[in-house]
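**Q** Contents of entry-v7.tsv (TSV, C-alpha atoms and all ligand atoms) are below:
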```tsv
chain	number	residue	atom	x	y	z
V	1292	MET	CA	105.35	-74.40	112.75
V	1293	SER	CA	106.23	-73.22	109.32
V	1294	LYS	CA	108.62	-75.20	107.14
V	1295	THR	CA	112.32	-74.36	106.88
V	1296	ILE	CA	112.98	-72.23	103.85
V	1297	THR	CA	116.36	-71.52	102.31
V	1298	LEU	CA	116.91	-68.26	100.46
V	1299	SER	CA	119.96	-68.50	98.20
V	1300	VAL	CA	121.39	-65.59	96.25
V	1301	ILE	CA	123.98	-66.77	93.74
V	1302	LYS	CA	125.67	-64.40	91.31
V	1303	ALA	CA	128.21	-64.41	88.53
V	1304	ASP	CA	129.51	-62.19	85.75
V	1305	VAL	CA	129.31	-64.38	82.69
V	1306	GLY	CA	129.62	-61.67	80.06
V	1307	GLY	CA	129.16	-57.91	79.98
V	1308	PHE	CA	126.92	-55.75	77.78
V	1309	ILE	CA	128.51	-53.29	76.91
V	1310	GLY	CA	132.08	-53.90	78.18
V	1311	HIS	CA	131.73	-54.46	81.94
V	1312	SER	CA	128.66	-52.24	82.36
V	1313	GLY	CA	125.51	-54.36	82.09
V	1314	VAL	CA	123.80	-57.68	81.41
V	1315	HIS	CA	122.13	-58.44	78.06
V	1316	PRO	CA	118.40	-59.27	78.39
V	1317	GLU	CA	118.89	-62.60	76.56
V	1318	LEU	CA	121.02	-63.84	79.48
V	1319	ILE	CA	118.27	-63.00	81.94
V	1320	GLU	CA	115.70	-64.75	79.74
V	1321	ARG	CA	117.87	-67.85	79.44
V	1322	ALA	CA	118.37	-68.00	83.22
V	1323	ARG	CA	114.64	-67.55	83.86
V	1324	GLY	CA	113.79	-70.31	81.40
V	1325	LEU	CA	116.14	-72.75	83.12
V	1326	LEU	CA	115.07	-71.97	86.67
V	1327	ALA	CA	111.38	-72.10	85.69
V	1328	GLY	CA	111.93	-75.67	84.47
V	1329	SER	CA	113.44	-76.88	87.74
V	1330	PRO	CA	111.34	-78.90	90.20
V	1331	LEU	CA	113.83	-78.05	93.00
V	1332	LEU	CA	112.69	-74.49	93.61
V	1333	ILE	CA	109.75	-72.92	95.38
V	1334	ASP	CA	110.27	-69.57	93.70
V	1335	PHE	CA	112.93	-67.48	91.99
V	1336	ARG	CA	113.79	-64.07	90.54
V	1337	VAL	CA	116.57	-63.37	88.08
V	1338	THR	CA	117.95	-59.88	88.10
V	1339	SER	CA	121.12	-57.96	87.33
V	1340	VAL	CA	123.17	-55.23	88.89
V	1341	GLY	CA	125.92	-53.89	86.65
V	1342	ASP	CA	127.42	-56.79	84.71
V	1343	ASP	CA	126.40	-59.47	87.21
V	1344	VAL	CA	123.50	-61.91	86.90
V	1345	ASN	CA	121.85	-62.54	90.27
V	1346	LEU	CA	119.77	-65.64	90.90
V	1347	ILE	CA	117.48	-65.15	93.90
V	1348	ILE	CA	115.99	-68.54	94.71
V	1349	THR	CA	113.96	-70.20	97.46
V	1350	HIS	CA	113.81	-73.91	98.22
V	1351	GLU	CA	113.71	-76.48	101.04
V	1352	HIS	CA	117.12	-78.09	100.49
V	1353	GLY	CA	119.24	-76.08	102.95
V	1354	ARG	CA	122.48	-74.19	102.50
V	1355	ASN	CA	125.36	-75.59	100.42
V	1356	ASN	CA	123.05	-78.03	98.70
V	1357	GLY	CA	124.77	-79.79	95.80
V	1358	GLU	CA	121.67	-79.96	93.58
V	1359	ILE	CA	120.85	-76.28	94.07
V	1360	HIS	CA	124.44	-75.22	93.43
V	1361	GLN	CA	124.53	-77.48	90.37
V	1362	LEU	CA	121.38	-75.78	89.06
V	1363	ALA	CA	122.97	-72.35	89.50
V	1364	TRP	CA	126.20	-73.53	87.87
V	1365	ASP	CA	124.30	-75.03	84.90
V	1366	THR	CA	122.34	-71.79	84.58
V	1367	PHE	CA	125.52	-69.72	84.43
V	1368	VAL	CA	127.05	-72.15	81.92
V	1369	ALA	CA	123.95	-71.79	79.73
V	1370	CYS	CA	124.11	-67.99	80.05
V	1371	THR	CA	127.78	-68.17	79.05
V	1372	ASP	CA	126.77	-69.95	75.83
V	1373	VAL	CA	124.40	-67.06	75.06
V	1374	ALA	CA	127.14	-64.56	75.95
V	1375	LYS	CA	129.58	-66.32	73.62
V	1376	LYS	CA	127.07	-66.33	70.78
V	1377	LEU	CA	126.53	-62.57	71.19
V	1378	LYS	CA	130.28	-62.07	71.72
V	1379	LEU	CA	129.54	-60.28	74.97
V	1380	TYR	CA	132.52	-59.03	76.88
V	1381	GLY	CA	134.40	-61.50	79.09
V	1382	ALA	CA	131.97	-64.38	78.41
V	1383	GLY	CA	132.19	-66.93	81.23
V	1384	GLN	CA	134.73	-64.86	83.17
V	1385	ASP	CA	133.54	-65.85	86.66
V	1386	LEU	CA	133.30	-69.60	85.95
V	1387	LEU	CA	136.72	-70.74	87.02
V	1388	GLY	CA	136.32	-74.51	87.13
V	1389	ASP	CA	135.77	-76.54	83.97
V	1390	ALA	CA	133.33	-78.81	85.74
V	1391	PHE	CA	131.00	-78.66	88.72
V	1392	SER	CA	132.29	-80.53	91.75
V	1393	GLY	CA	129.45	-80.60	94.29
V	1394	ASN	CA	129.59	-77.05	95.67
V	1395	ILE	CA	129.67	-73.82	93.74
V	1396	LYS	CA	131.94	-72.21	96.35
V	1397	GLY	CA	135.47	-71.84	95.08
V	1398	LEU	CA	134.34	-72.10	91.48
V	1399	GLY	CA	133.83	-68.37	90.92
V	1400	PRO	CA	130.19	-67.40	91.52
V	1401	GLY	CA	129.33	-65.52	94.75
V	1402	VAL	CA	126.90	-67.14	97.20
V	1403	ALA	CA	124.88	-65.85	100.18
V	1404	GLU	CA	122.34	-68.18	101.79
V	1405	ILE	CA	120.08	-68.14	104.83
V	1406	GLU	CA	117.96	-70.96	106.21
V	1407	VAL	CA	114.94	-69.73	108.18
V	1408	GLU	CA	111.83	-70.88	109.96
V	1409	GLU	CA	109.55	-68.29	108.37
V	1410	ARG	CA	108.15	-65.92	110.96
V	1411	LYS	CA	104.54	-64.72	110.92
V	1412	SER	CA	105.84	-62.16	108.45
V	1413	GLU	CA	109.32	-62.45	106.95
V	1414	PRO	CA	110.66	-59.25	105.32
V	1415	VAL	CA	114.14	-59.65	103.78
V	1416	ILE	CA	116.40	-57.38	101.76
V	1417	VAL	CA	118.77	-58.66	99.09
V	1418	PHE	CA	121.65	-56.23	98.59
V	1419	MET	CA	123.69	-56.56	95.41
V	1420	ALA	CA	126.74	-54.48	94.52
V	1421	ASP	CA	128.86	-54.05	91.40
V	1422	LYS	CA	132.50	-52.90	91.02
V	1423	THR	CA	133.52	-53.64	94.57
V	1424	GLU	CA	134.50	-56.48	96.94
V	1425	PRO	CA	132.88	-58.55	99.76
V	1426	GLY	CA	134.36	-56.36	102.53
V	1427	ALA	CA	132.22	-53.50	101.17
V	1428	TRP	CA	129.41	-54.83	103.43
V	1429	ASN	CA	131.49	-54.46	106.61
V	1430	PHE	CA	130.65	-50.81	107.12
V	1431	PRO	CA	126.87	-51.04	106.49
V	1432	LEU	CA	126.48	-54.34	108.41
V	1433	TYR	CA	128.33	-52.87	111.37
V	1434	LYS	CA	126.02	-49.83	111.24
V	1435	MET	CA	122.85	-51.94	110.96
V	1436	PHE	CA	123.64	-54.46	113.70
V	1437	ALA	CA	126.03	-52.70	116.09
V	1438	ASP	CA	125.71	-48.92	115.83
V	1439	PRO	CA	122.99	-47.38	118.03
V	1440	PHE	CA	123.32	-44.09	116.13
V	1441	ASN	CA	122.09	-45.95	113.03
V	1442	THR	CA	119.75	-48.52	114.57
V	1443	SER	CA	117.62	-47.11	117.34
V	1444	GLY	CA	116.23	-50.60	118.00
V	1445	LEU	CA	119.55	-51.52	119.64
V	1446	VAL	CA	118.70	-48.96	122.30
V	1447	ILE	CA	114.91	-48.93	122.58
V	1448	ASP	CA	113.59	-52.30	121.32
V	1449	PRO	CA	113.79	-55.00	124.02
V	1450	SER	CA	113.98	-57.70	121.30
V	1451	MET	CA	117.22	-56.20	119.90
V	1452	HIS	CA	118.80	-54.72	123.01
V	1453	GLY	CA	120.79	-57.91	123.75
V	1454	GLY	CA	122.87	-57.43	120.60
V	1455	PHE	CA	124.13	-59.64	117.78
V	1456	ILE	CA	126.95	-62.08	117.07
V	1457	PHE	CA	129.17	-61.39	114.06
V	1458	GLU	CA	131.09	-64.12	112.22
V	1459	VAL	CA	134.10	-62.58	110.48
V	1460	ARG	CA	136.23	-64.32	107.86
V	1461	ASP	CA	139.93	-63.82	107.25
V	1462	LEU	CA	139.91	-64.07	103.47
V	1463	ILE	CA	143.67	-64.42	103.15
V	1464	GLU	CA	144.30	-67.13	105.76
V	1465	ASN	CA	140.85	-68.70	105.36
V	1466	LYS	CA	139.90	-68.56	109.06
V	1467	LYS	CA	136.81	-67.41	110.94
V	1468	ILE	CA	136.11	-65.84	114.32
V	1469	LYS	CA	132.94	-64.82	116.19
V	1470	PHE	CA	132.51	-61.47	117.95
V	1471	THR	CA	129.73	-60.77	120.43
V	1472	MET	CA	128.23	-57.29	120.32
V	1473	PRO	CA	128.45	-54.96	122.09
V	1474	GLU	CA	131.27	-56.36	124.32
V	1475	ASP	CA	133.69	-57.20	121.51
V	1476	LEU	CA	132.99	-54.07	119.47
V	1477	TYR	CA	136.40	-52.45	119.72
V	1478	ASP	CA	138.18	-55.75	119.02
V	1479	MET	CA	136.01	-56.43	115.99
V	1480	LEU	CA	136.59	-52.98	114.51
V	1481	VAL	CA	140.34	-53.64	114.46
V	1482	PHE	CA	139.60	-56.33	111.86
V	1483	ILE	CA	136.53	-55.23	109.89
V	1484	GLY	CA	138.07	-51.80	109.37
V	1485	ALA	CA	140.38	-53.66	106.94
V	1486	PRO	CA	137.75	-54.90	104.47
V	1487	GLY	CA	140.24	-56.12	101.85
V	1488	ARG	CA	141.17	-58.95	104.21
V	1489	TYR	CA	138.40	-59.36	106.81
V	1490	ALA	CA	134.74	-59.65	105.79
V	1491	ILE	CA	131.59	-60.16	107.83
V	1492	LYS	CA	130.15	-63.47	106.67
V	1493	ARG	CA	127.13	-63.96	108.94
V	1494	ILE	CA	125.30	-62.25	111.77
V	1495	PHE	CA	123.13	-64.01	114.38
V	1496	HIS	CA	120.57	-62.74	116.86
V	1497	ARG	CA	122.29	-63.17	120.21
V	1498	ALA	CA	119.30	-64.20	122.32
V	1499	THR	CA	117.63	-66.57	119.84
V	1500	GLY	CA	120.64	-67.65	117.73
V	1501	GLU	CA	118.58	-66.99	114.60
V	1502	ILE	CA	120.37	-66.02	111.39
V	1503	ALA	CA	120.09	-62.27	110.76
V	1504	ALA	CA	122.33	-61.65	107.76
V	1505	SER	CA	124.62	-63.48	105.36
V	1506	SER	CA	127.01	-62.25	102.69
V	1507	SER	CA	129.10	-63.67	99.88
V	1508	THR	CA	132.78	-63.64	100.78
V	1509	GLN	CA	134.43	-65.15	97.74
V	1510	ARG	CA	137.54	-63.39	96.44
V	1511	LEU	CA	137.84	-64.44	92.84
V	1512	ASN	CA	141.24	-62.94	92.37
V	1513	LEU	CA	142.60	-64.97	95.30
V	1514	MET	CA	140.98	-68.16	94.07
V	1515	ALA	CA	142.34	-67.81	90.57
V	1516	GLY	CA	145.75	-66.54	91.64
V	1517	ARG	CA	145.46	-63.87	88.98
V	1518	TYR	CA	143.03	-61.12	88.07
V	1519	VAL	CA	139.70	-62.49	86.90
V	1520	GLY	CA	137.33	-59.66	87.73
V	1521	LYS	CA	136.07	-58.12	90.95
V	1522	ASP	CA	134.12	-60.20	93.40
V	1523	ASP	CA	131.03	-58.03	93.27
V	1524	PRO	CA	129.26	-59.17	96.44
V	1525	VAL	CA	125.69	-59.91	97.56
V	1526	CYS	CA	124.18	-59.86	101.03
V	1527	ILE	CA	120.86	-60.93	102.59
V	1528	VAL	CA	119.44	-59.11	105.64
V	1529	ARG	CA	116.33	-60.17	107.61
V	1530	CYS	CA	114.27	-57.25	108.87
V	1531	GLN	CA	111.78	-56.22	111.57
V	1532	SER	CA	110.62	-57.85	114.83
V	1533	GLY	CA	113.98	-58.35	116.54
V	1534	PHE	CA	116.05	-57.55	113.47
V	1535	PRO	CA	116.76	-54.06	112.08
V	1536	ALA	CA	113.69	-52.34	110.64
V	1537	VAL	CA	113.77	-52.03	106.84
V	1538	GLY	CA	114.65	-48.36	107.30
V	1539	GLU	CA	117.47	-49.22	109.72
V	1540	ALA	CA	118.89	-51.70	107.21
V	1541	LEU	CA	118.82	-49.07	104.46
V	1542	GLU	CA	120.04	-46.13	106.58
V	1543	PRO	CA	123.81	-46.89	106.34
V	1544	PHE	CA	123.60	-46.26	102.59
V	1545	ALA	CA	122.54	-42.65	103.18
V	1546	PHE	CA	126.31	-42.22	103.52
V	1547	PRO	CA	128.20	-43.40	100.42
V	1548	HIS	CA	131.26	-44.92	102.10
V	1549	LEU	CA	134.47	-45.54	100.18
V	1550	VAL	CA	135.04	-49.04	98.85
V	1551	SER	CA	137.74	-50.74	96.77
V	1552	GLY	CA	136.97	-51.65	93.17
V	1553	TRP	CA	135.77	-49.29	90.47
V	1554	MET	CA	137.96	-49.08	87.35
V	1555	ARG	CA	140.09	-52.22	86.87
V	1556	GLY	CA	139.30	-53.25	90.45
V	1557	SER	CA	142.12	-50.95	91.45
V	1558	HIS	CA	140.53	-47.76	92.72
V	1559	SER	CA	138.80	-46.40	95.75
V	1560	GLY	CA	135.35	-44.90	95.21
V	1561	PRO	CA	132.01	-44.18	96.90
V	1562	LEU	CA	129.37	-46.93	97.02
V	1563	MET	CA	126.35	-45.25	95.42
V	1564	PRO	CA	122.87	-46.59	96.29
V	1565	VAL	CA	120.73	-46.80	93.14
V	1566	ALA	CA	117.47	-48.12	91.74
V	1567	GLN	CA	117.93	-51.28	89.73
V	1568	ARG	CA	117.34	-49.44	86.44
V	1569	GLN	CA	120.25	-47.13	87.34
V	1570	SER	CA	122.66	-49.92	88.19
V	1571	THR	CA	124.75	-49.71	85.01
V	1572	PRO	CA	128.18	-48.33	85.96
V	1573	THR	CA	129.33	-45.95	83.25
V	1574	ARG	CA	131.64	-43.23	84.56
V	1575	PHE	CA	135.17	-44.67	84.76
V	1576	ASP	CA	133.31	-48.00	84.96
V	1577	GLY	CA	131.54	-46.81	88.09
V	1578	PRO	CA	131.23	-45.40	90.59
V	1579	PRO	CA	130.59	-48.68	92.49
V	1580	ARG	CA	126.87	-49.29	93.01
V	1581	VAL	CA	124.51	-51.05	95.34
V	1582	CYS	CA	120.86	-52.06	94.81
V	1583	ALA	CA	118.45	-53.25	97.49
V	1584	LEU	CA	115.50	-55.47	96.55
V	1585	GLY	CA	112.97	-56.12	99.32
V	1586	PHE	CA	110.80	-59.25	99.52
V	1587	GLN	CA	108.25	-60.73	101.87
V	1588	LEU	CA	108.66	-64.49	102.07
V	1589	ALA	CA	105.33	-66.32	102.11
V	1590	GLU	CA	105.77	-70.10	102.45
V	1591	GLY	CA	108.91	-69.66	100.39
V	1592	LYS	CA	107.22	-67.54	97.70
V	1593	LEU	CA	109.07	-64.31	96.94
V	1594	VAL	CA	106.50	-61.55	97.26
V	1595	GLY	CA	108.17	-58.62	95.55
V	1596	PRO	CA	110.58	-57.15	94.76
V	1597	GLN	CA	110.30	-53.65	96.03
V	1598	ASP	CA	113.19	-51.60	94.59
V	1599	LEU	CA	114.15	-49.91	97.85
V	1600	PHE	CA	116.72	-47.35	96.68
V	1601	ASP	CA	114.28	-46.07	94.05
V	1602	ASP	CA	113.45	-43.28	96.46
V	1603	PRO	CA	114.31	-39.56	96.52
V	1604	ALA	CA	115.33	-40.09	100.15
V	1605	PHE	CA	118.62	-41.41	98.73
V	1606	ASP	CA	119.16	-38.48	96.31
V	1607	ASN	CA	121.50	-36.71	98.73
V	1608	SER	CA	123.57	-39.85	99.13
V	1609	ARG	CA	123.80	-40.15	95.35
V	1610	LYS	CA	124.76	-36.46	95.09
V	1611	THR	CA	127.44	-36.89	97.76
V	1612	ALA	CA	128.72	-39.99	95.93
V	1613	LEU	CA	129.01	-38.02	92.70
V	1614	ASP	CA	130.83	-35.16	94.46
V	1615	ILE	CA	133.26	-37.67	96.00
V	1616	ALA	CA	133.70	-39.26	92.56
V	1617	ASP	CA	134.58	-35.84	91.07
V	1618	TYR	CA	137.08	-35.20	93.81
V	1619	LEU	CA	138.75	-38.62	93.63
V	1620	ARG	CA	138.93	-38.70	89.84
V	1621	ARG	CA	141.06	-35.56	89.88
V	1622	LEU	CA	143.75	-37.59	91.67
V	1623	GLY	CA	144.08	-39.74	88.54
V	1624	PRO	CA	146.71	-42.43	89.12
V	1625	PHE	CA	147.66	-41.21	92.58
V	1626	GLU	CA	146.79	-42.94	95.85
V	1627	PRO	CA	144.44	-42.99	97.64
V	1628	HIS	CA	142.19	-42.94	94.53
V	1629	ARG	CA	144.35	-45.64	93.02
V	1630	LEU	CA	144.59	-48.45	95.56
V	1631	HIS	CA	147.73	-49.33	97.45
V	1632	LEU	CA	150.08	-51.60	95.47
V	1633	ASP	CA	149.06	-54.73	97.42
V	1634	GLU	CA	145.36	-54.20	96.70
V	1635	MET	CA	145.48	-53.40	92.99
V	1636	GLU	CA	144.15	-56.04	90.66
V	1637	TYR	CA	146.00	-54.73	87.63
V	1638	THR	CA	149.57	-53.66	87.81
V	1639	THR	CA	152.38	-53.01	85.39
V	1640	MET	CA	154.82	-52.65	88.28
V	1641	PRO	CA	156.85	-55.89	87.67
V	1642	LEU	CA	157.08	-55.08	83.96
V	1643	VAL	CA	158.22	-51.50	84.45
V	1644	MET	CA	160.53	-52.53	87.28
V	1645	GLU	CA	162.19	-55.12	85.07
V	1646	LYS	CA	162.63	-52.57	82.29
V	1647	LEU	CA	164.21	-50.01	84.60
V	1648	LYS	CA	166.14	-52.30	86.91
V	1649	ASP	CA	169.54	-51.22	85.56
V	1650	ARG	CA	168.70	-47.57	85.98
V	1651	PHE	CA	168.16	-47.90	89.73
V	1652	ILE	CA	171.31	-46.97	91.64
V	1653	SER	CA	171.65	-48.30	95.15
V	1654	LEU	CA	172.17	-45.63	97.81
V	1655	ARG	CA	173.33	-48.09	100.46
V	1656	THR	CA	176.83	-47.37	101.64
V	1657	LYS	CA	179.25	-50.19	100.96
V	1658	LYS	CA	180.92	-51.65	104.02
V	1701	LIG	C1	136.20	-53.55	87.29
V	1701	LIG	C2	135.82	-53.86	85.92
V	1701	LIG	C3	136.24	-52.95	84.84
V	1701	LIG	C4	137.41	-53.54	84.05
V	1701	LIG	C5	137.90	-52.55	82.95
V	1701	LIG	C6	139.01	-53.14	82.10
V	1701	LIG	O1	135.79	-54.51	88.18
V	1701	LIG	O2	135.20	-54.87	85.65
V	1701	LIG	O3	136.55	-51.69	85.32
V	1701	LIG	O4	138.45	-53.86	84.91
V	1701	LIG	O5	136.84	-52.22	82.09
V	1701	LIG	O6	138.57	-54.33	81.57
V	1701	LIG	P1	139.44	-55.26	80.61
V	1701	LIG	O7	140.76	-55.52	81.27
V	1701	LIG	O8	138.58	-56.47	80.47
V	1701	LIG	O9	139.60	-54.50	79.32
V	1702	MG	MG	132.80	-57.73	84.54
V	1703	MG	MG	130.53	-56.96	88.08
```
For this file, produce the structure as structure tokens.
Ligand code: F6R
Ligand code: MG
Ligand code: MG
**A**
Amino acid sequence: MSKTITLSVIKADVGGFIGHSGVHPELIERARGLLAGSPLLIDFRVTSVGDDVNLIITHEHGRNNGEIHQLAWDTFVACTDVAKKLKLYGAGQDLLGDAFSGNIKGLGPGVAEIEVEERKSEPVIVFMADKTEPGAWNFPLYKMFADPFNTSGLVIDPSMHGGFIFEVRDLIENKKIKFTMPEDLYDMLVFIGAPGRYAIKRIFHRATGEIAASSSTQRLNLMAGRYVGKDDPVCIVRCQSGFPAVGEALEPFAFPHLVSGWMRGSHSGPLMPVAQRQSTPTRFDGPPRVCALGFQLAEGKLVGPQDLFDDPAFDNSRKTALDIADYLRRLGPFEPHRLHLDEMEYTTMPLVMEKLKDRFISLRTKK
């Protein structure tokens, strides 16, 4: 029996280069230096998508481990020092707490973790998005694990035919619920179709109970009670042999679905799948992007990455995303390009309302 390996993906925006578009190479170097010096890890990769630093680490300490989270926190703090020195934009913006308190959750960084008994071969994909929110994974995760038009294995592979169990979080009321596929499909869609509030946190193989996928579900703006940047999410998906094939996990991104985020976290836009080198959001700070790095785990070693969207097979999706971006941009400040008032992260509404309050004339008839 192979040992239990934990794959943790922990991300934070600790300073943008330039503006909110990218990560300066010195931050990546600093993070690599720190992780390389830690005896806690089996292996690691440091990468970036847009203005977020992503730590992809493997170890044997399980999920929610204080020492591992402390290491990630210290790494982001050290990167913040570099960002401050270079006067990068929004240095330390995702580090909400002043001090680490045992678990990185609730302190700002996003976390997705899976604990696995490595199979004979263990292919995993780490998805990382910029300029959007955790609920952005609802649509693709639903397609991968519950839609037979996307995943043929649900129909024709006996090891998948039994379906999957979805754990969904209510991000506003901080509650969770499990849905069993396919029986609960219609009920689940009532919730996950509202990704600003409900987000798929974890998916399990129904027959074996094994973890199949895990996402980060932090909402920074809720935690801070004010705007502190979008909660650009990450997600881990196990592939093959009872889980979606790599191609089934990537297939949902052939359609660039609309997500919330983009400029000032207040606009709707298409999620464009890109190679890591193309992950710098420029046009109107976007459009929102997603990268997919594939790894084979080998006794906890990260064999890879393979940059999975670096493939002309996704050119049409990118073209569609750009056409949608053109169309939406022409709406300017009008909904549905601009998000509904409740979902916007920036708003001048109270200010303008206060200024104009005496100019509003009530039309209610007096009794
Ligand atoms: C969206 C994002 C950017 C910023 C925008 C304004 O998630 O990070 O679109 O919201 O560049 O940034 P500030 O307010 O920092 O000038
Ligand atoms: Mg930013
Ligand atoms: Mg970001």
**Q** Hey, could you make a per-residue contact list for chain V against ligand LIG 1701 (chain V) with 6 Å as the cut-off, showing the nearest pair of atoms and its distance in Å to one decimal, counting all atoms listed in the file, sorted by chain and number, as a tab-separated table?
**A**
```
residue	atom	partner	partner_atom	distance
V:His1311	CA	V:LIG1701	O2	5.1
V:Lys1422	CA	V:LIG1701	O1	4.6
V:Gly1520	CA	V:LIG1701	O1	5.4
V:Lys1521	CA	V:LIG1701	O1	4.6
V:Gly1552	CA	V:LIG1701	O1	5.9
V:Trp1553	CA	V:LIG1701	C1	5.3
V:Met1554	CA	V:LIG1701	O3	3.6
V:Arg1555	CA	V:LIG1701	O4	3.0
V:Gly1556	CA	V:LIG1701	O1	4.4
V:Asp1576	CA	V:LIG1701	O3	4.9
```
**Q** Between V:Lys1492, V:Arg1621, V:Arg1580, V:His1315, single out the one closest to ligand MG 1703 (chain V), counting all atoms listed in the file.
**A** V:Arg1580
**Q** Extract, using only C-alpha atoms, all DNA, RNA and protein residues at most 9 Å from V:Gly1453, discarding same-chain residues fewer than 6 positions from it, and format them as a ChimeraX atom specification.
**A** /V:1445,1472-1473,1496-1498
**Q** What are the closest atom pairs, with distances in Å to one decimal, for all residues of chain V lying within 10 Å of ligand MG 1703 (chain V)? Consider all atoms listed in the file, order rows by chain and residue number, and present the result as a Markdown table.
**A**
```
| residue | atom | partner | partner_atom | distance |
| --- | --- | --- | --- | --- |
| V:Lys1302 | CA | V:MG1703 | MG | 9.5 |
| V:Ala1303 | CA | V:MG1703 | MG | 7.8 |
| V:Asp1304 | CA | V:MG1703 | MG | 5.8 |
| V:Val1305 | CA | V:MG1703 | MG | 9.3 |
| V:Gly1306 | CA | V:MG1703 | MG | 9.3 |
| V:Gly1307 | CA | V:MG1703 | MG | 8.3 |
| V:His1311 | CA | V:MG1703 | MG | 6.7 |
| V:Ser1312 | CA | V:MG1703 | MG | 7.6 |
| V:Gly1313 | CA | V:MG1703 | MG | 8.2 |
| V:Val1314 | CA | V:MG1703 | MG | 9.5 |
| V:Ser1339 | CA | V:MG1703 | MG | 9.5 |
| V:Val1340 | CA | V:MG1703 | MG | 7.6 |
| V:Gly1341 | CA | V:MG1703 | MG | 5.7 |
| V:Asp1342 | CA | V:MG1703 | MG | 4.6 |
| V:Asp1343 | CA | V:MG1703 | MG | 4.9 |
| V:Val1344 | CA | V:MG1703 | MG | 8.7 |
| V:Asp1385 | CA | V:MG1703 | MG | 9.5 |
| V:Ala1420 | CA | V:MG1703 | MG | 7.9 |
| V:Asp1421 | CA | V:MG1703 | MG | 4.7 |
| V:Lys1422 | CA | V:MG1703 | MG | 5.4 |
| V:Thr1423 | CA | V:MG1703 | MG | 7.9 |
| V:Glu1424 | CA | V:MG1703 | MG | 9.7 |
| V:Gly1520 | CA | V:MG1703 | MG | 7.3 |
| V:Lys1521 | CA | V:MG1703 | MG | 6.3 |
| V:Asp1522 | CA | V:MG1703 | MG | 7.2 |
| V:Asp1523 | CA | V:MG1703 | MG | 5.3 |
| V:Pro1524 | CA | V:MG1703 | MG | 8.7 |
| V:Gly1552 | CA | V:MG1703 | MG | 9.8 |
| V:Trp1553 | CA | V:MG1703 | MG | 9.6 |
| V:Gly1556 | CA | V:MG1703 | MG | 9.8 |
| V:Thr1571 | CA | V:MG1703 | MG | 9.8 |
| V:Pro1572 | CA | V:MG1703 | MG | 9.2 |
| V:Asp1576 | CA | V:MG1703 | MG | 9.9 |
| V:Pro1579 | CA | V:MG1703 | MG | 9.4 |
| V:Arg1580 | CA | V:MG1703 | MG | 9.8 |
```
**Q** Point out the residue among V:Pro1316, V:His1452, V:Gly1487, V:Thr1295 with the least atom-to-atom distance to V:Ile1405, counting all atoms listed in the file.
**A**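 Result for the nearest residue to V:Ile1405: V:Thr1295.
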**Q** Counting all atoms listed in the file, figure out which residue out of V:Phe1457, V:Val1407, V:Ile1615, V:Glu1358 gets nearest to V:Leu1549.
**A**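 When distances to V:Leu1549 are compared using all atoms listed in the file, the smallest one comes from V:Ile1615.
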